[in-house]
Every structure is written in structure tokens, then in C-alpha cells.
Amino acid sequence: MSPETEPAEQRTAALADEDVFYLKQGEAALNEALKIVESEDGWKLETAENGDVIYSKVLTGNRKVFRLEAELNASPEELHDILFFRMEEIHEWNPSIKRIKVLKHVGRNAMVTHEVSVEMAGNLIGQRDFLNVRYSSKSESCVYFGGAATRMESLPPQPGFVRAEDGPTCIILQPLQDRPDRSRFIWLLNMDIRGWLPQSLVNKALPQAQVDFTKHLRRRLATQHPENKMQMTRLA
């Protein structure tokens, strides 16, 4: 039976089931990612520069994940707005992203997005596209984002792209105890690039992507906070 001829009640029920699927998937991705972040065993230092630190850990199945910890000159609420609610604007300040489109909103706290990246690691890693469910949650003054690869019948893998897979992944935003206008930024990057690539290349490219993203995010924040521009000049 085509959508045009389905009774309205059946269409509503199907939509509700789809929404529930994405909500549950997003919430489960966040919970699983938080377990990885909060686990204490197996983390090894990758890089430490200008106060930003990246650790790595090998999960079951030989998947290597990366945890970045940094401080940002913005409150969790401001970062929540930039990184979640205004996600489609990220390509305007992050040149590693060609575009992000929200395909579906599920309430206020979840969405399905399609993302296209540019080449990575000196063009050795070609363009990827990602189809993700993204989920946001708040607990007291902290903000949490979770995400994972998902599926959507209307958007199968696209010709010309390798569909990479995220997740479970998360971002944690915590206000600094003495500076609520600043945030501790924790980002678990858990990504399967897919394709035939040396794992050593991938393991170098992913933490570098975290470094680059954080640099571009700081520049974005500096446009809203003129007092940060001096710091950005020193870090450039």
C-alpha cells in the first residue's frame, strides 16, 4: 500500500515508530559512548599541546578510539547551540566539512543528519559521507551529545562516496567550576573510515581531525567573543 492510500492513522503510527527508533538509537549511543569515556583502563596519551590532550584506547574488535579534552571560551549552553541546534552551519567555519543537512528532527533533542566531509590526510583519504542519528541530553549544568551511524531507506549509500560509520560517539560539555562562562570539552571520536586504507594512516588522521576541529571551533568562538582574539593570535 502506497503512502498516498494509507489511512491517516497508519501513517501516524508508522511515523511514531520511526521516531521511537531514532530516539532509542540515539540514547543508546550516548549511554554506550559515556561508558567508554568513563572507563579508566587502557587509555594511552597520544598528544598534548596548548593544554589540549588526546588519549587513545583500543576496543574489542581492534577499533581504536580517541578522547580529546580541552577548555573552550564558551559556556555549555553556547556550545550546545553552535554544535547541535546550528549544526547545518558547521561547514561555514570548519573547512573539513563540505556540508551537513538535517534530514529529520525527532522532537527537540534528536535528529538524523547527512554529512559530507572533504578529503583527509593530505587527500590520501577521500571524501566520506555519514548518515547519523544525533541525540542531546542535559544533566544539571552539563550538556551531552551522542551519535551513531543509522539507516534511512530514502538515503542509501551515495555513488562516488565511501559511507563511513560513526559511533557510538559523544561530546561532554561541563562548565568550569570557577568560570561558568567557560567549558571543559570532552570528545570521544569513534569512527570507522571504511575503504581500503592502512590502519596506521587512519590512526594518525583521526586525532589530527580532532585537533583541527577544535582549532576551527576556537576561531568560530572568537568571532563572538572579541576578548578571545588575542589568544587565537597566539595559538595560530
# chains A, B, ... in the order shown; residues from 1 in each chain; ligands from 1
call {"tool": "residues_around", "arguments": {"residues": "Val118 of chain A", "least_positions_apart": "6", "cutoff": "10 Å", "atoms": "only C-alpha atoms", "output": "list of chain:residue names"}}
result
A:Pro95, A:Ser96, A:Ile97, A:Lys98, A:Arg99, A:Ile125, A:Gly126, A:Gln127, A:Arg128, A:Asp129
call {"tool": "closest_atom_pairs", "arguments": {"of": "segment 154-215 of chain A", "to": "segment 29-52 of chain A", "cutoff": "7 Å", "atoms": "only C-alpha atoms", "output": "CSV"}}
result
residue,atom,partner,partner_atom,distance
A:Gly167,CA,A:Ala29,CA,6.9
A:Pro168,CA,A:Ala29,CA,4.8
A:Thr169,CA,A:Ala33,CA,5.2
A:Cys170,CA,A:Ala33,CA,5.8
A:Leu188,CA,A:Val37,CA,6.8
call {"tool": "write_last_selection", "arguments": {"atoms": "N, CA, C and O atoms", "output": "compact mmCIF listing (two decimals), in the first residue's frame"}}
result
# COMPACT_ATOMS: atom_id res chain seq x y z
N GLY A 167 30.43 6.01 15.64
CA GLY A 167 29.77 5.62 16.86
C GLY A 167 30.04 4.24 17.41
O GLY A 167 30.65 3.42 16.76
N PRO A 168 29.56 4.16 18.65
CA PRO A 168 28.96 5.26 19.40
C PRO A 168 30.00 6.32 19.77
O PRO A 168 31.12 5.99 20.12
N THR A 169 29.58 7.57 19.66
CA THR A 169 30.47 8.68 19.92
C THR A 169 29.76 9.70 20.80
O THR A 169 28.53 9.67 20.91
N CYS A 170 30.50 10.59 21.43
CA CYS A 170 29.83 11.58 22.28
C CYS A 170 30.71 12.80 22.50
O CYS A 170 31.93 12.76 22.29
N LEU A 188 34.71 12.07 22.45
CA LEU A 188 35.08 10.71 22.07
C LEU A 188 34.84 10.55 20.58
O LEU A 188 33.70 10.62 20.12
call {"tool": "select_by_dssp", "arguments": {"residues": "segment 106-171 of chain A", "states": "strand (DSSP E)", "output": "mmCIF file with N, CA, C and O atoms, in the first residue's frame"}}
result
data_model
loop_
_atom_site.group_PDB
_atom_site.id
_atom_site.type_symbol
_atom_site.label_atom_id
_atom_site.label_comp_id
_atom_site.auth_asym_id
_atom_site.auth_seq_id
_atom_site.Cartn_x
_atom_site.Cartn_y
_atom_site.Cartn_z
ATOM 1 N N VAL A 106 13.629 14.834 15.415
ATOM 2 C CA VAL A 106 12.824 13.969 16.277
ATOM 3 C C VAL A 106 12.685 14.702 17.608
ATOM 4 O O VAL A 106 13.561 14.626 18.468
ATOM 5 N N ALA A 110 16.711 15.166 19.267
ATOM 6 C CA ALA A 110 17.298 14.155 18.383
ATOM 7 C C ALA A 110 17.067 14.545 16.930
ATOM 8 O O ALA A 110 16.097 15.246 16.603
ATOM 9 N N MET A 111 17.949 14.089 16.078
ATOM 10 C CA MET A 111 17.835 14.372 14.650
ATOM 11 C C MET A 111 18.628 13.330 13.858
ATOM 12 O O MET A 111 19.508 12.654 14.393
ATOM 13 N N VAL A 112 18.279 13.227 12.589
ATOM 14 C CA VAL A 112 19.038 12.399 11.650
ATOM 15 C C VAL A 112 19.729 13.349 10.687
ATOM 16 O O VAL A 112 19.099 14.247 10.124
ATOM 17 N N THR A 113 21.028 13.186 10.507
ATOM 18 C CA THR A 113 21.796 14.102 9.671
ATOM 19 C C THR A 113 22.574 13.353 8.604
ATOM 20 O O THR A 113 22.960 12.192 8.776
ATOM 21 N N HIS A 114 22.795 14.051 7.498
ATOM 22 C CA HIS A 114 23.682 13.551 6.441
ATOM 23 C C HIS A 114 24.841 14.526 6.311
ATOM 24 O O HIS A 114 24.647 15.727 6.152
ATOM 25 N N GLU A 115 26.042 13.993 6.430
ATOM 26 C CA GLU A 115 27.251 14.820 6.433
ATOM 27 C C GLU A 115 28.182 14.363 5.326
ATOM 28 O O GLU A 115 28.358 13.165 5.101
ATOM 29 N N VAL A 116 28.783 15.327 4.649
ATOM 30 C CA VAL A 116 29.793 15.039 3.629
ATOM 31 C C VAL A 116 31.073 15.738 4.038
ATOM 32 O O VAL A 116 31.087 16.951 4.288
ATOM 33 N N SER A 117 32.154 14.975 4.127
ATOM 34 C CA SER A 117 33.447 15.542 4.520
ATOM 35 C C SER A 117 34.281 15.835 3.286
ATOM 36 O O SER A 117 33.982 15.375 2.173
ATOM 37 N N ARG A 128 34.147 11.271 2.413
ATOM 38 C CA ARG A 128 33.258 10.314 3.054
ATOM 39 C C ARG A 128 31.903 10.973 3.261
ATOM 40 O O ARG A 128 31.805 12.202 3.376
ATOM 41 N N ASP A 129 30.862 10.146 3.306
ATOM 42 C CA ASP A 129 29.597 10.666 3.777
ATOM 43 C C ASP A 129 29.143 9.827 4.961
ATOM 44 O O ASP A 129 29.567 8.678 5.145
ATOM 45 N N PHE A 130 28.327 10.448 5.816
ATOM 46 C CA PHE A 130 27.882 9.842 7.070
ATOM 47 C C PHE A 130 26.380 10.046 7.204
ATOM 48 O O PHE A 130 25.871 11.150 6.949
ATOM 49 N N LEU A 131 25.687 9.023 7.615
ATOM 50 C CA LEU A 131 24.273 9.128 7.950
ATOM 51 C C LEU A 131 24.163 8.770 9.431
ATOM 52 O O LEU A 131 24.368 7.619 9.822
ATOM 53 N N ASN A 132 23.865 9.778 10.258
ATOM 54 C CA ASN A 132 23.931 9.600 11.708
ATOM 55 C C ASN A 132 22.636 9.989 12.394
ATOM 56 O O ASN A 132 21.927 10.896 11.932
ATOM 57 N N VAL A 133 22.363 9.332 13.492
ATOM 58 C CA VAL A 133 21.393 9.846 14.441
ATOM 59 C C VAL A 133 22.175 10.582 15.514
ATOM 60 O O VAL A 133 23.239 10.123 15.952
ATOM 61 N N ARG A 134 21.686 11.749 15.904
ATOM 62 C CA ARG A 134 22.361 12.567 16.908
ATOM 63 C C ARG A 134 21.364 12.871 18.022
ATOM 64 O O ARG A 134 20.206 13.207 17.754
ATOM 65 N N TYR A 135 21.850 12.791 19.243
ATOM 66 C CA TYR A 135 20.974 12.886 20.409
ATOM 67 C C TYR A 135 21.610 13.813 21.425
ATOM 68 O O TYR A 135 22.825 13.771 21.652
ATOM 69 N N SER A 136 20.797 14.658 22.045
ATOM 70 C CA SER A 136 21.284 15.635 23.017
ATOM 71 C C SER A 136 20.564 15.450 24.339
ATOM 72 O O SER A 136 19.359 15.175 24.368
ATOM 73 N N SER A 137 21.314 15.601 25.428
ATOM 74 C CA SER A 137 20.738 15.450 26.757
ATOM 75 C C SER A 137 21.410 16.427 27.709
ATOM 76 O O SER A 137 22.584 16.788 27.515
ATOM 77 N N LYS A 138 20.680 16.863 28.744
ATOM 78 C CA LYS A 138 21.251 17.753 29.746
ATOM 79 C C LYS A 138 21.070 17.142 31.126
ATOM 80 O O LYS A 138 20.065 16.488 31.408
ATOM 81 N N SER A 139 22.068 17.358 31.967
ATOM 82 C CA SER A 139 22.013 16.896 33.346
ATOM 83 C C SER A 139 22.585 17.996 34.214
ATOM 84 O O SER A 139 23.787 18.271 34.153
ATOM 85 N N CYS A 142 25.482 20.310 32.868
ATOM 86 C CA CYS A 142 26.260 19.682 31.799
ATOM 87 C C CYS A 142 25.381 19.377 30.589
ATOM 88 O O CYS A 142 24.174 19.165 30.702
ATOM 89 N N VAL A 143 26.023 19.347 29.431
ATOM 90 C CA VAL A 143 25.349 19.004 28.185
ATOM 91 C C VAL A 143 26.061 17.817 27.566
ATOM 92 O O VAL A 143 27.300 17.732 27.586
ATOM 93 N N TYR A 144 25.280 16.891 27.008
ATOM 94 C CA TYR A 144 25.832 15.681 26.395
ATOM 95 C C TYR A 144 25.266 15.535 24.987
ATOM 96 O O TYR A 144 24.073 15.723 24.763
ATOM 97 N N PHE A 145 26.145 15.192 24.053
ATOM 98 C CA PHE A 145 25.722 14.821 22.704
ATOM 99 C C PHE A 145 26.127 13.368 22.478
ATOM 100 O O PHE A 145 27.253 12.971 22.820
ATOM 101 N N GLY A 146 25.266 12.598 21.852
ATOM 102 C CA GLY A 146 25.625 11.243 21.457
ATOM 103 C C GLY A 146 25.280 11.032 20.002
ATOM 104 O O GLY A 146 24.440 11.736 19.429
ATOM 105 N N GLY A 147 25.910 10.058 19.386
ATOM 106 C CA GLY A 147 25.613 9.803 17.984
ATOM 107 C C GLY A 147 26.116 8.454 17.531
ATOM 108 O O GLY A 147 26.976 7.837 18.168
ATOM 109 N N ALA A 148 25.551 7.997 16.427
ATOM 110 C CA ALA A 148 25.964 6.731 15.832
ATOM 111 C C ALA A 148 25.417 6.667 14.411
ATOM 112 O O ALA A 148 24.449 7.363 14.071
ATOM 113 N N ALA A 149 26.033 5.835 13.608
ATOM 114 C CA ALA A 149 25.531 5.603 12.259
ATOM 115 C C ALA A 149 24.130 5.018 12.331
ATOM 116 O O ALA A 149 23.802 4.241 13.225
ATOM 117 N N VAL A 162 32.436 6.971 -0.121
ATOM 118 C CA VAL A 162 32.511 5.847 0.798
ATOM 119 C C VAL A 162 31.714 6.238 2.038
ATOM 120 O O VAL A 162 31.981 7.294 2.619
ATOM 121 N N ARG A 163 30.728 5.427 2.414
ATOM 122 C CA ARG A 163 29.945 5.765 3.606
ATOM 123 C C ARG A 163 30.670 5.269 4.853
ATOM 124 O O ARG A 163 30.736 4.074 5.113
ATOM 125 N N GLU A 165 31.267 5.183 9.074
ATOM 126 C CA GLU A 165 30.330 4.933 10.169
ATOM 127 C C GLU A 165 30.867 5.507 11.471
ATOM 128 O O GLU A 165 31.995 5.229 11.865
ATOM 129 N N ASP A 166 30.045 6.302 12.110
ATOM 130 C CA ASP A 166 30.359 6.861 13.413
ATOM 131 C C ASP A 166 29.748 6.007 14.509
ATOM 132 O O ASP A 166 28.694 5.411 14.323
ATOM 133 N N THR A 169 29.583 7.569 19.655
ATOM 134 C CA THR A 169 30.473 8.684 19.917
ATOM 135 C C THR A 169 29.757 9.702 20.800
ATOM 136 O O THR A 169 28.525 9.671 20.908
ATOM 137 N N CYS A 170 30.499 10.592 21.430
ATOM 138 C CA CYS A 170 29.832 11.583 22.277
ATOM 139 C C CYS A 170 30.707 12.796 22.496
ATOM 140 O O CYS A 170 31.928 12.763 22.291
ATOM 141 N N ILE A 171 30.052 13.880 22.917
ATOM 142 C CA ILE A 171 30.702 15.100 23.386
ATOM 143 C C ILE A 171 30.099 15.439 24.740
ATOM 144 O O ILE A 171 28.880 15.329 24.926
#
call {"tool": "atom_distance", "arguments": {"atom1": "atom CA of Asp81 of chain A", "atom2": "atom CA of Ala164 of chain A"}}
result
25.6 Å
